[in-house]
>>> print(open('model.txt').read())   # compact mmCIF, C-alpha atoms and all ligand atoms
# COMPACT_ATOMS: atom_id res chain seq x y z
CA MET A 548 30.35 -18.86 66.02
CA THR A 549 27.34 -16.64 65.34
CA ASN A 550 24.42 -17.28 67.61
CA PRO A 551 21.08 -17.88 65.97
CA ALA A 552 18.32 -15.40 66.55
CA PRO A 553 15.96 -16.53 69.31
CA LEU A 554 13.18 -18.76 68.03
CA GLU A 555 10.15 -16.80 66.92
CA THR A 556 6.73 -17.92 68.04
CA ARG A 557 4.24 -18.84 65.31
CA GLY A 558 1.03 -18.94 67.34
CA PRO A 559 -0.34 -19.57 70.83
CA ALA A 560 1.05 -23.11 71.25
CA SER A 561 4.63 -22.29 70.27
CA ALA A 562 4.42 -19.09 72.34
CA ALA A 563 3.33 -21.05 75.43
CA LEU A 564 6.05 -23.65 74.87
CA LEU A 565 8.88 -21.18 74.38
CA GLU A 566 7.76 -19.29 77.44
CA ALA A 567 7.67 -22.45 79.58
CA LEU A 568 11.08 -23.60 78.34
CA GLU A 569 12.72 -20.45 79.62
CA ASP A 570 12.73 -21.90 83.15
CA ALA A 571 13.38 -25.32 84.65
CA PRO A 572 10.38 -27.70 84.43
CA GLU A 573 9.30 -27.31 88.05
CA THR A 574 9.89 -23.56 88.42
CA ASN A 575 6.44 -22.56 87.33
CA PRO A 576 4.13 -25.62 87.20
CA THR A 577 1.25 -23.68 85.62
CA GLN A 578 3.29 -23.11 82.46
CA PRO A 579 3.56 -26.69 81.19
CA ALA A 580 -0.17 -27.13 81.87
CA ALA A 581 -0.92 -23.89 79.99
CA PHE A 582 1.18 -25.16 77.09
CA LEU A 583 -0.69 -28.46 77.03
CA ALA A 584 -4.01 -26.60 76.98
CA ALA A 585 -2.79 -24.37 74.13
CA VAL A 586 -1.74 -27.45 72.14
CA GLU A 587 -5.07 -29.20 72.70
CA LYS A 588 -6.88 -26.13 71.42
CA ALA A 589 -4.58 -25.75 68.41
CA VAL A 590 -4.92 -29.45 67.54
CA ASN A 591 -8.72 -29.14 67.60
CA GLU A 592 -8.70 -26.05 65.46
CA THR A 593 -6.03 -26.84 62.89
CA LYS A 594 -7.21 -26.82 59.28
CA ASP A 595 -4.21 -28.64 57.86
CA ILE A 596 -1.61 -29.86 60.29
CA LEU A 597 0.97 -30.44 57.53
CA VAL A 598 1.26 -26.71 56.94
CA ASP A 599 0.31 -25.52 60.43
CA GLU A 600 3.19 -23.20 61.32
CA ASP A 601 2.43 -23.15 65.04
CA LEU A 602 2.07 -26.91 65.57
CA GLN A 603 4.90 -27.95 63.28
CA LEU A 604 7.25 -25.59 65.10
CA VAL A 605 6.08 -27.02 68.43
CA LEU A 606 6.81 -30.54 67.19
CA THR A 607 10.28 -29.55 65.98
CA ILE A 608 11.06 -28.07 69.39
CA LEU A 609 9.67 -31.12 71.22
CA TYR A 610 11.72 -33.53 69.10
CA GLY A 611 14.61 -31.14 69.56
CA LEU A 612 14.45 -31.93 73.29
CA HIS A 613 15.40 -35.51 72.34
CA TYR A 614 17.98 -34.66 69.67
CA GLY A 615 19.53 -31.68 71.43
CA GLU A 616 20.93 -28.58 69.73
CA VAL A 617 17.63 -26.88 68.92
CA GLY A 618 17.71 -24.71 72.03
CA ASP A 619 19.61 -24.32 75.24
CA TRP A 620 16.89 -25.61 77.54
CA GLU A 621 17.03 -27.43 80.88
CA PRO A 622 17.54 -31.07 79.74
CA ARG A 623 14.91 -32.55 82.07
CA TRP A 624 12.22 -31.02 79.85
CA GLU A 625 12.78 -34.02 77.59
CA TRP A 626 10.52 -36.23 79.73
CA GLN A 627 8.25 -33.64 81.36
CA PRO A 628 4.80 -35.33 81.30
CA ASP A 629 2.77 -32.40 79.91
CA VAL A 630 5.30 -31.97 77.15
CA ILE A 631 5.13 -35.67 76.27
CA GLN A 632 1.34 -35.61 76.37
CA ALA A 633 1.29 -32.59 74.07
CA ARG A 634 3.58 -34.37 71.64
CA LEU A 635 1.37 -37.46 71.57
CA GLY A 636 -1.68 -35.27 70.95
CA ILE A 637 -0.09 -33.56 67.94
CA GLU A 638 1.31 -36.83 66.61
CA ALA A 639 -2.12 -38.48 66.66
CA VAL A 640 -3.55 -35.80 64.37
CA PHE A 641 -0.40 -35.62 62.24
CA GLU A 642 -0.33 -39.37 61.65
CA ALA A 643 -4.07 -39.47 60.91
CA ALA A 644 -3.70 -36.66 58.36
CA LEU A 645 -0.89 -38.53 56.60
CA ARG A 646 -2.78 -41.81 56.53
CA GLU A 647 -5.86 -40.09 55.18
CA ARG A 648 -4.00 -38.43 52.33
CA ILE A 649 -1.74 -41.24 51.30
CA PRO A 650 -3.51 -43.91 49.29
CA ALA A 651 -2.86 -47.51 50.30
CA PRO A 652 -1.81 -49.49 47.22
CA ASP A 653 -2.14 -53.26 46.79
CA LEU A 654 0.50 -54.84 48.95
CA PRO A 655 3.27 -57.05 47.59
CA ARG A 656 3.84 -60.49 49.07
CA PRO A 657 5.82 -60.25 52.33
CA GLU A 658 8.94 -61.59 50.63
CA ALA A 659 12.17 -59.63 50.42
CA GLU A 660 12.49 -59.55 46.65
CA ALA A 661 8.82 -58.70 46.10
CA VAL A 662 8.97 -55.89 48.66
CA ALA A 663 12.16 -54.46 47.13
CA LYS A 664 10.58 -54.61 43.69
CA GLU A 665 7.45 -52.81 44.85
CA LEU A 666 9.50 -50.09 46.59
CA PHE A 667 11.58 -49.57 43.44
CA ARG A 668 8.35 -49.40 41.44
CA LEU A 669 6.73 -46.84 43.75
CA THR A 670 9.79 -44.63 43.84
CA ALA A 671 10.26 -44.81 40.07
CA GLU A 672 6.64 -43.89 39.55
CA ASP A 673 7.02 -40.80 41.69
CA SER A 674 6.25 -38.07 39.22
CA GLY A 675 6.65 -35.21 41.67
CA PRO A 676 8.02 -31.90 40.47
CA SER A 677 11.63 -32.20 39.59
CA LEU A 678 13.42 -29.96 42.00
CA SER A 679 16.73 -31.57 41.13
CA ARG A 680 16.35 -30.88 37.42
CA TYR A 681 15.46 -27.27 38.17
CA LEU A 682 18.50 -26.90 40.41
CA ALA A 683 20.70 -28.47 37.72
CA ARG A 684 19.58 -26.21 34.91
CA ASP A 685 17.81 -23.06 35.99
CA ALA A 686 18.11 -22.15 39.67
CA THR A 687 19.71 -18.83 40.58
CA ASN A 688 22.30 -18.66 43.31
CA ALA A 689 19.72 -17.21 45.72
CA GLN A 690 17.42 -20.17 45.03
CA ALA A 691 20.28 -22.62 45.54
CA VAL A 692 20.93 -20.98 48.92
CA GLU A 693 17.25 -21.36 49.83
CA PHE A 694 17.33 -25.02 48.82
CA ILE A 695 20.31 -25.63 51.12
CA ILE A 696 18.56 -23.87 54.01
CA HIS A 697 15.44 -26.04 53.64
CA LYS A 698 17.62 -29.12 53.35
CA SER A 699 19.67 -28.25 56.43
CA ILE A 700 16.77 -28.89 58.82
CA TYR A 701 17.13 -32.63 58.21
CA THR A 702 20.56 -32.93 56.67
CA LEU A 703 22.55 -31.41 59.54
CA LYS A 704 21.07 -34.37 61.43
CA GLU A 705 21.21 -36.76 58.50
CA ALA A 706 20.51 -40.38 59.45
CA ASP A 707 19.62 -39.56 63.07
CA PRO A 708 15.81 -40.00 62.82
CA HIS A 709 16.26 -43.46 61.31
CA SER A 710 18.81 -44.48 63.94
CA TRP A 711 16.08 -44.43 66.61
CA ALA A 712 14.85 -47.63 64.94
CA ILE A 713 18.06 -49.64 65.43
CA PRO A 714 17.23 -51.18 68.84
CA ARG A 715 13.65 -51.72 67.67
CA LEU A 716 14.62 -54.12 64.91
CA ARG A 717 16.01 -57.65 65.13
CA GLY A 718 18.36 -59.83 63.14
CA ARG A 719 18.65 -59.21 59.42
CA SER A 720 16.80 -55.90 59.25
CA LYS A 721 18.81 -54.54 62.18
CA ALA A 722 22.09 -55.60 60.54
CA ALA A 723 21.01 -53.94 57.30
CA LEU A 724 20.04 -50.69 59.00
CA VAL A 725 23.35 -50.58 60.86
CA GLU A 726 25.22 -51.30 57.63
CA ILE A 727 23.58 -48.26 56.01
CA GLN A 728 23.90 -46.04 59.07
CA ALA A 729 27.56 -46.90 59.59
CA ASP A 730 28.22 -45.55 56.10
CA GLU A 731 26.03 -42.47 56.81
CA TYR A 732 28.13 -41.85 59.91
CA GLY A 733 31.39 -41.99 57.97
CA GLY A 734 32.46 -45.62 58.47
CA GLY A 735 34.65 -44.59 61.42
CA ARG A 736 35.95 -41.39 59.80
CA PRO A 737 34.45 -38.36 61.57
CA ASP A 738 35.11 -36.04 58.62
CA HIS A 739 33.09 -38.41 56.40
CA VAL A 740 29.93 -38.26 58.53
CA HIS A 741 27.34 -37.18 55.98
CA ALA A 742 25.94 -34.44 58.22
CA THR A 743 29.50 -33.12 58.63
CA ILE A 744 30.09 -33.15 54.88
CA PHE A 745 26.86 -31.18 54.51
CA ALA A 746 28.02 -28.68 57.12
CA GLY A 747 31.01 -28.12 54.82
CA THR A 748 28.62 -27.41 51.95
CA MET A 749 26.92 -24.75 54.07
CA ARG A 750 30.19 -23.11 55.09
CA GLY A 751 31.32 -23.20 51.46
CA MET A 752 28.25 -21.12 50.65
CA ALA A 753 28.98 -18.67 53.46
CA LEU A 754 26.04 -20.01 55.50
CA SER A 755 26.05 -20.92 59.15
CA ASP A 756 26.33 -24.66 59.78
CA ARG A 757 24.98 -24.35 63.29
CA TYR A 758 21.90 -26.47 63.86
CA GLY A 759 18.74 -24.40 64.03
CA PHE A 760 20.37 -21.23 62.81
CA TYR A 761 17.80 -20.97 60.04
CA LEU A 762 14.83 -22.39 61.92
CA ASN A 763 13.02 -19.05 61.81
CA HIS A 764 13.45 -19.00 58.03
CA VAL A 765 11.82 -22.29 57.10
CA PRO A 766 8.08 -22.84 56.69
CA ALA A 767 5.91 -25.52 58.31
CA VAL A 768 6.08 -27.87 55.34
CA THR A 769 9.86 -28.18 55.67
CA LEU A 770 9.53 -28.81 59.38
CA ALA A 771 6.76 -31.35 58.72
CA ALA A 772 9.05 -33.47 56.53
CA PHE A 773 11.61 -33.70 59.34
CA ASN A 774 8.98 -34.06 62.09
CA MET A 775 7.43 -36.97 60.24
CA MET A 776 10.75 -38.84 60.28
CA SER A 777 11.19 -38.13 63.98
CA MET A 778 7.65 -39.35 64.70
CA PHE A 779 8.21 -42.57 62.73
CA GLY A 780 11.58 -43.11 64.40
CA LEU A 781 10.61 -42.35 67.98
CA ASN A 782 7.48 -44.51 68.10
CA ARG A 783 8.35 -48.20 68.17
CA ARG A 784 4.94 -49.12 66.76
CA LEU A 785 5.83 -47.13 63.62
CA ARG A 786 9.12 -48.96 62.95
CA GLY A 787 7.70 -50.29 59.68
CA ALA A 788 7.09 -46.71 58.54
CA ILE A 789 10.58 -45.46 59.37
CA VAL A 790 12.08 -48.42 57.51
CA GLY A 791 9.88 -47.75 54.46
CA HIS A 792 10.76 -44.08 54.71
CA LEU A 793 14.48 -44.80 54.61
CA ALA A 794 14.10 -47.15 51.66
CA ALA A 795 12.20 -44.55 49.63
CA PHE A 796 14.62 -41.83 50.70
CA GLU A 797 17.60 -43.85 49.47
CA MET A 798 15.83 -44.88 46.27
CA THR A 799 15.17 -41.26 45.32
CA SER A 800 18.63 -40.01 46.11
CA SER A 801 21.49 -41.00 43.83
CA ILE A 802 20.08 -39.62 40.56
CA PRO A 803 18.80 -36.31 42.07
CA ASN A 804 22.10 -35.81 43.87
CA ARG A 805 23.93 -36.04 40.55
CA PHE A 806 21.71 -33.22 39.27
CA TYR A 807 22.24 -31.16 42.44
CA GLY A 808 26.00 -31.54 42.13
CA ASN A 809 25.84 -30.40 38.51
CA GLY A 810 23.68 -27.43 39.49
CA PHE A 811 26.12 -26.23 42.13
CA ARG A 812 29.02 -26.66 39.71
CA ARG A 813 27.11 -24.62 37.13
CA LEU A 814 26.77 -21.86 39.73
CA GLY A 815 30.52 -21.84 40.23
CA TYR A 816 30.95 -23.79 43.46
CA ASP A 817 33.89 -26.13 43.95
CA GLU A 818 34.24 -29.54 45.65
CA LYS A 819 33.93 -28.03 49.11
CA VAL A 820 30.28 -27.48 48.26
CA THR A 821 29.66 -30.35 45.85
CA TRP A 822 31.37 -33.16 47.81
CA TYR A 823 28.14 -33.85 49.69
CA PHE A 824 26.15 -34.41 46.49
CA ASP A 825 28.87 -36.40 44.72
CA GLU A 826 29.30 -38.63 47.78
CA HIS A 827 25.58 -39.43 47.75
CA VAL A 828 25.54 -40.48 44.11
CA GLU A 829 27.75 -43.45 44.94
CA ALA A 830 26.66 -44.07 48.53
CA ASP A 831 22.93 -44.13 47.90
CA ALA A 832 23.23 -46.43 44.89
CA VAL A 833 24.58 -48.92 47.46
CA HIS A 834 22.14 -47.99 50.22
CA GLU A 835 19.04 -48.33 48.05
CA GLN A 836 19.88 -51.96 47.34
CA ILE A 837 20.45 -52.75 51.01
CA ALA A 838 17.39 -50.75 52.10
CA GLY A 839 15.03 -52.39 49.63
CA ARG A 840 15.97 -56.01 50.10
CA ASP A 841 17.88 -56.50 53.36
CA LEU A 842 16.18 -53.85 55.46
CA ALA A 843 12.58 -53.46 54.27
CA GLY A 844 12.39 -56.86 52.62
CA SER A 845 13.71 -58.78 55.63
CA LEU A 846 11.50 -56.84 58.01
CA ALA A 847 8.45 -57.74 55.92
CA GLU A 848 9.44 -61.41 56.02
CA ASP A 849 10.13 -61.41 59.75
CA GLU A 850 7.18 -59.25 60.80
CA PRO A 851 4.63 -59.43 57.97
CA GLU A 852 2.12 -57.38 59.95
CA LEU A 853 4.43 -54.39 59.43
CA LEU A 854 4.22 -54.59 55.64
CA PRO A 855 1.41 -52.01 55.27
CA ASP A 856 3.42 -49.52 57.32
CA ILE A 857 6.60 -50.17 55.32
CA ILE A 858 4.72 -49.17 52.19
CA PHE A 859 3.00 -46.29 54.02
CA GLY A 860 6.35 -44.93 55.23
CA ALA A 861 7.77 -45.07 51.70
CA GLN A 862 4.78 -43.26 50.27
CA ALA A 863 4.84 -40.70 53.08
CA CYS A 864 8.45 -39.94 52.17
CA LEU A 865 7.49 -39.37 48.53
CA TYR A 866 4.44 -37.33 49.52
CA LEU A 867 6.33 -34.89 51.76
CA ASP A 868 9.13 -34.67 49.20
CA GLY A 869 6.53 -33.65 46.67
CA LEU A 870 5.03 -31.05 49.00
CA THR A 871 8.35 -29.41 49.84
CA GLY A 872 9.49 -29.51 46.21
CA THR A 873 6.23 -27.97 45.01
CA HIS A 874 6.47 -25.33 47.70
CA MET A 875 9.91 -24.21 46.51
CA LEU A 876 9.18 -24.38 42.79
CA THR A 877 5.87 -22.50 43.16
CA ALA A 878 7.44 -19.71 45.20
CA TRP A 879 10.29 -19.34 42.71
CA ASP A 880 7.94 -19.51 39.76
CA GLU A 881 6.08 -16.55 41.21
CA GLY A 882 9.35 -14.69 41.50
CA GLY A 883 9.37 -14.84 45.30
CA SER A 884 11.22 -16.58 48.11
CA SER A 885 10.35 -20.03 49.46
CA LEU A 886 11.49 -18.99 52.93
CA ARG A 887 9.53 -17.12 55.57
CA ARG A 888 12.13 -14.42 55.38
CA PRO A 889 14.74 -14.02 52.69
CA VAL A 890 18.42 -14.71 53.21
CA GLU A 891 20.75 -12.21 51.62
CA PRO A 892 21.88 -13.66 48.27
CA ILE A 893 25.50 -14.63 48.23
CA ASP A 894 27.63 -14.18 45.16
CA PRO A 895 29.68 -17.38 44.63
CA ALA A 896 32.63 -15.18 43.65
CA HIS A 897 32.91 -14.11 47.28
CA THR A 898 32.90 -17.58 48.70
CA LEU A 899 35.26 -19.39 46.34
CA MET B 670 20.49 -66.73 54.22
CA LYS B 671 23.64 -68.70 54.95
CA ALA B 672 26.14 -67.63 57.55
CA THR B 673 29.11 -66.04 55.86
CA ASN B 674 32.69 -65.94 56.92
CA GLU B 675 33.57 -62.30 57.53
CA LEU B 676 36.54 -62.59 55.19
CA SER B 677 34.99 -64.24 52.19
CA PRO B 678 33.33 -61.79 49.84
CA THR B 679 29.71 -62.20 48.83
CA ILE B 680 28.29 -60.79 45.66
CA VAL B 681 24.59 -60.07 45.39
CA ALA B 682 23.38 -59.93 41.82
CA CYS B 683 20.66 -57.32 42.37
CA PRO B 684 17.75 -57.86 39.96
CA ASN B 685 17.75 -55.12 37.30
CA GLY B 686 20.59 -53.44 39.15
CA PRO B 687 24.24 -53.58 40.19
CA LEU B 688 26.43 -56.23 41.77
CA LEU B 689 26.53 -55.55 45.51
CA ILE B 690 29.80 -56.73 47.07
CA ARG B 691 30.47 -57.26 50.75
CA GLY B 692 33.41 -58.71 52.64
CA ASP B 693 37.13 -58.66 52.12
CA PHE B 694 38.15 -58.08 48.52
CA GLU B 695 40.38 -55.91 46.42
CA LEU B 696 39.16 -53.76 43.58
CA VAL B 697 41.81 -53.25 40.92
CA THR B 698 42.11 -51.95 37.35
CA GLY B 699 43.00 -54.14 34.40
CA THR B 700 46.65 -53.48 35.14
CA GLY B 701 46.32 -54.35 38.80
CA GLU B 702 46.24 -50.87 40.32
CA GLN B 703 44.00 -50.35 43.29
CA ILE B 704 40.77 -48.50 42.62
CA PRO B 705 40.10 -46.33 45.67
CA ARG B 706 37.07 -47.42 47.68
CA GLN B 707 35.09 -45.04 49.86
CA ARG B 708 32.97 -47.64 51.65
CA LYS B 709 32.98 -51.21 52.83
CA THR B 710 30.05 -52.44 50.77
CA ILE B 711 30.07 -51.32 47.15
CA ALA B 712 27.79 -51.58 44.13
CA LEU B 713 29.46 -52.26 40.79
CA CYS B 714 27.68 -51.13 37.65
CA ARG B 715 26.70 -53.94 35.34
CA CYS B 716 24.40 -51.99 33.04
CA GLY B 717 27.17 -49.90 31.53
CA ALA B 718 25.36 -46.59 31.95
CA SER B 719 26.85 -45.31 35.21
CA THR B 720 28.72 -42.00 35.18
CA ILE B 721 31.01 -43.16 38.01
CA LYS B 722 32.11 -46.56 36.71
CA PRO B 723 33.05 -49.06 37.97
CA PHE B 724 30.52 -48.02 40.61
CA CYS B 725 26.75 -47.89 40.14
CA ASP B 726 25.11 -44.46 40.27
CA GLY B 727 21.51 -45.58 39.96
CA THR B 728 21.25 -44.79 36.24
CA HIS B 729 20.16 -48.39 35.56
CA LYS B 730 16.75 -47.29 36.82
CA LEU B 731 16.45 -44.63 34.11
CA THR B 732 17.56 -46.97 31.34
CA LYS B 733 15.20 -49.73 32.53
CA PHE B 734 18.13 -52.16 32.68
CA ASN B 735 16.80 -55.70 32.71
CA THR B 736 18.82 -58.59 34.11
CA GLU B 737 16.50 -61.33 32.96
CA ASN B 738 18.06 -63.52 30.32
CA PRO B 739 16.12 -63.83 27.09
CA ALA B 740 14.18 -67.08 26.88
CA ALA B 741 16.09 -69.79 25.01
CA THR B 742 14.81 -70.25 21.50
S1 LIG A 901 24.06 -50.96 37.39
FE1 LIG A 901 23.51 -49.11 38.32
S2 LIG A 901 24.17 -47.63 36.93
FE2 LIG A 901 24.76 -49.47 35.97
>>> encode(input="model.txt", output="structure tokens")
Amino acid sequence: MTNPAPLETRGPASAALLEALEDAPETNPTQPAAFLAAVEKAVNETKDILVDEDLQLVLTILYGLHYGEVGDWEPRWEWQPDVIQARLGIEAVFEAALRERIPAPDLPRPEAEAVAKELFRLTAEDSGPSLSRYLARDATNAQAVEFIIHKSIYTLKEADPHSWAIPRLRGRSKAALVEIQADEYGGGRPDHVHATIFAGTMRGMALSDRYGFYLNHVPAVTLAAFNMMSMFGLNRRLRGAIVGHLAAFEMTSSIPNRFYGNGFRRLGYDEKVTWYFDEHVEADAVHEQIAGRDLAGSLAEDEPELLPDIIFGAQACLYLDGLTGTHMLTAWDEGGSSLRRPVEPIDPAHTL
Amino acid sequence: MKATNELSPTIVACPNGPLLIRGDFELVTGTGEQIPRQRKTIALCRCGASTIKPFCDGTHKLTKFNTENPAAT
């Protein structure tokens, strides 16, 4: 398997982190402290954390210590205190920025059906740019490749950020989350794990399916969408937000995935590539019902104080989806690439 | 919510959406042939607009499918 290029630094904080991670945590104790200082400075100076290349890369690496696979670092870094403190410092600013930008609507009653109805209303209202329609009708093969590379940052770990919430829920909402996640993880069939099906899509397009292979290619906004899920999932106090996020994610999935599948078929790809999208048309039409009523709705009934965060998490999902979609469509509209560095275009004729 | 026997199917009539079916059941065609199922819990289209019938594909949201019965006149 091809090894990814070493991670490129994007500023002083990521430079300090990557330097520290080269050794074991206790080898050079000044390095973690220097990293923490660099993060504190960057957090104070950031103009917009959602598109801050340096800090979003740092967050992706720090969450990567929990997920694994982002880099081959000494595993004890996961709980190194300076590293944890740095993460909390970035998260505080990241969360505040999201809460400031995302308007709080009137809340529904904390009853399952009312919550599901409100989530379906919010997600139907979402008038963000239609990336899926563009992919279906107009995208070139090079743009389709870029789309897959952006998508791979989350999708090669599909479902994982939401799984952090399983032990943090109780009763009905926990059962509902596990019901959805079991399907995401293939219902006992390893080749049906959604992340594995997506890896097949990447290979079918002659792309590497190795996690992090394209990390140097993707911009902060793509990392921010994934980092936000990890932040919601890894902080127990934000369990309402990760639940709302999953509900909105599922509710904005089946119809767009039909368009994506059609787009890849139009470009000449076969089922190896389109299976992922076709699978999600059916799966997410099931998941959205469970997520709205049994997951988010039950959680709101059982822990009504989490209702504002359920709605916040759903809106945050739509907001970041809008940002990443706009980013891609704007770059393509200007005739450029949406990546930090272009990937060689691949002619489908060579991969079929 | 009542406790359900693992084996007996339950059908949730989702407002403005599909029929969500859990439990042990068989899905067959009009002539009794098995319709392949990819997952344990399924959503059957009841709006008629799905492109993957008998399963729901979310299209009911685009067609504003409404499950409320008209008021009796
Ligand atoms: S009920 Fe969902 S598409 Fe018909």
>>> closest_residue(input="model.txt", among="A:Asp825, A:Asp868, A:Asp707, A:Glu566", to="chain B", atoms="all atoms listed in the file")
A:Asp825
>>> residues_near_ligand(input="model.txt", ligand="ligand LIG 901 (chain A)", cutoff="7 Å", atoms="all atoms listed in the file", output="mmCIF file with C-alpha atoms, keeping the file's coordinate frame")
data_model
loop_
_atom_site.group_PDB
_atom_site.id
_atom_site.type_symbol
_atom_site.label_atom_id
_atom_site.label_comp_id
_atom_site.auth_asym_id
_atom_site.auth_seq_id
_atom_site.Cartn_x
_atom_site.Cartn_y
_atom_site.Cartn_z
ATOM 1 C CA GLY B 686 20.590 -53.440 39.150
ATOM 2 C CA PRO B 687 24.240 -53.580 40.190
ATOM 3 C CA LEU B 713 29.460 -52.260 40.790
ATOM 4 C CA CYS B 714 27.680 -51.130 37.650
ATOM 5 C CA ARG B 715 26.700 -53.940 35.340
ATOM 6 C CA CYS B 716 24.400 -51.990 33.040
ATOM 7 C CA GLY B 717 27.170 -49.900 31.530
ATOM 8 C CA ALA B 718 25.360 -46.590 31.950
ATOM 9 C CA SER B 719 26.850 -45.310 35.210
ATOM 10 C CA CYS B 725 26.750 -47.890 40.140
ATOM 11 C CA ASP B 726 25.110 -44.460 40.270
ATOM 12 C CA GLY B 727 21.510 -45.580 39.960
ATOM 13 C CA THR B 728 21.250 -44.790 36.240
ATOM 14 C CA HIS B 729 20.160 -48.390 35.560
#
>>> interface_residues(input="model.txt", of="chain A", to="chain B", cutoff="8 Å", atoms="all atoms listed in the file", output="list in words")
Ala671, Asp730, Gly734, Ser801, Ile802, Val828, Glu829, Ala830, Asp831, Ala832, Val833 and Gln836 of chain A
>>> write_last_selection(input="model.txt", atoms="C-alpha atoms", output="tab-separated table (two decimals), in the frame of the given file")
chain	number	residue	atom	x	y	z
A	671	ALA	CA	10.26	-44.81	40.07
A	730	ASP	CA	28.22	-45.55	56.10
A	734	GLY	CA	32.46	-45.62	58.47
A	801	SER	CA	21.49	-41.00	43.83
A	802	ILE	CA	20.08	-39.62	40.56
A	828	VAL	CA	25.54	-40.48	44.11
A	829	GLU	CA	27.75	-43.45	44.94
A	830	ALA	CA	26.66	-44.07	48.53
A	831	ASP	CA	22.93	-44.13	47.90
A	832	ALA	CA	23.23	-46.43	44.89
A	833	VAL	CA	24.58	-48.92	47.46
A	836	GLN	CA	19.88	-51.96	47.34
>>> residues_around(input="model.txt", residues="Glu625 in chain A", least_positions_apart="4", cutoff="9 Å", atoms="all atoms listed in the file", output="ChimeraX atom specification")
/A:609-613,621,630-631
>>> atom_distance(input="model.txt", atom1="CA of Phe779 in chain A", atom2="CA of Ala795 in chain A")
13.8 Å
>>> build_atoms(input="model.txt", residues="range 704-708 of chain B", atoms="all heavy atoms", output="compact mmCIF listing (two decimals), in the frame of the given file")
# COMPACT_ATOMS: atom_id res chain seq x y z
N ILE B 704 41.77 -49.54 42.85
CA ILE B 704 40.77 -48.50 42.62
C ILE B 704 40.30 -48.05 44.01
O ILE B 704 39.88 -48.88 44.81
CB ILE B 704 39.58 -49.06 41.81
CG1 ILE B 704 40.07 -49.49 40.42
CG2 ILE B 704 38.46 -48.03 41.70
CD1 ILE B 704 39.03 -50.20 39.59
N PRO B 705 40.45 -46.76 44.32
CA PRO B 705 40.10 -46.33 45.67
C PRO B 705 38.63 -46.60 46.00
O PRO B 705 37.75 -46.40 45.16
CB PRO B 705 40.38 -44.82 45.66
CG PRO B 705 40.83 -44.46 44.29
CD PRO B 705 40.89 -45.68 43.46
N ARG B 706 38.42 -47.10 47.22
CA ARG B 706 37.07 -47.42 47.68
C ARG B 706 36.71 -46.51 48.83
O ARG B 706 37.49 -46.35 49.75
CB ARG B 706 37.06 -48.85 48.21
CG ARG B 706 36.40 -49.83 47.31
CD ARG B 706 36.76 -51.21 47.77
NE ARG B 706 35.96 -51.62 48.93
CZ ARG B 706 36.19 -52.73 49.61
NH1 ARG B 706 37.18 -53.52 49.28
NH2 ARG B 706 35.43 -53.05 50.64
N GLN B 707 35.53 -45.94 48.79
CA GLN B 707 35.09 -45.04 49.86
C GLN B 707 34.28 -45.74 50.94
O GLN B 707 33.98 -45.16 51.97
CB GLN B 707 34.25 -43.89 49.28
CG GLN B 707 35.03 -42.98 48.34
CD GLN B 707 36.28 -42.39 49.01
OE1 GLN B 707 36.29 -42.07 50.18
NE2 GLN B 707 37.35 -42.29 48.24
N ARG B 708 33.84 -46.99 50.66
CA ARG B 708 32.97 -47.64 51.65
C ARG B 708 33.21 -49.13 51.64
O ARG B 708 33.80 -49.67 50.68
CB ARG B 708 31.51 -47.31 51.37
CG ARG B 708 31.00 -47.72 49.99
CD ARG B 708 29.80 -46.90 49.56
NE ARG B 708 30.25 -45.58 49.11
CZ ARG B 708 30.10 -44.47 49.84
NH1 ARG B 708 29.47 -44.48 50.99
NH2 ARG B 708 30.56 -43.32 49.39
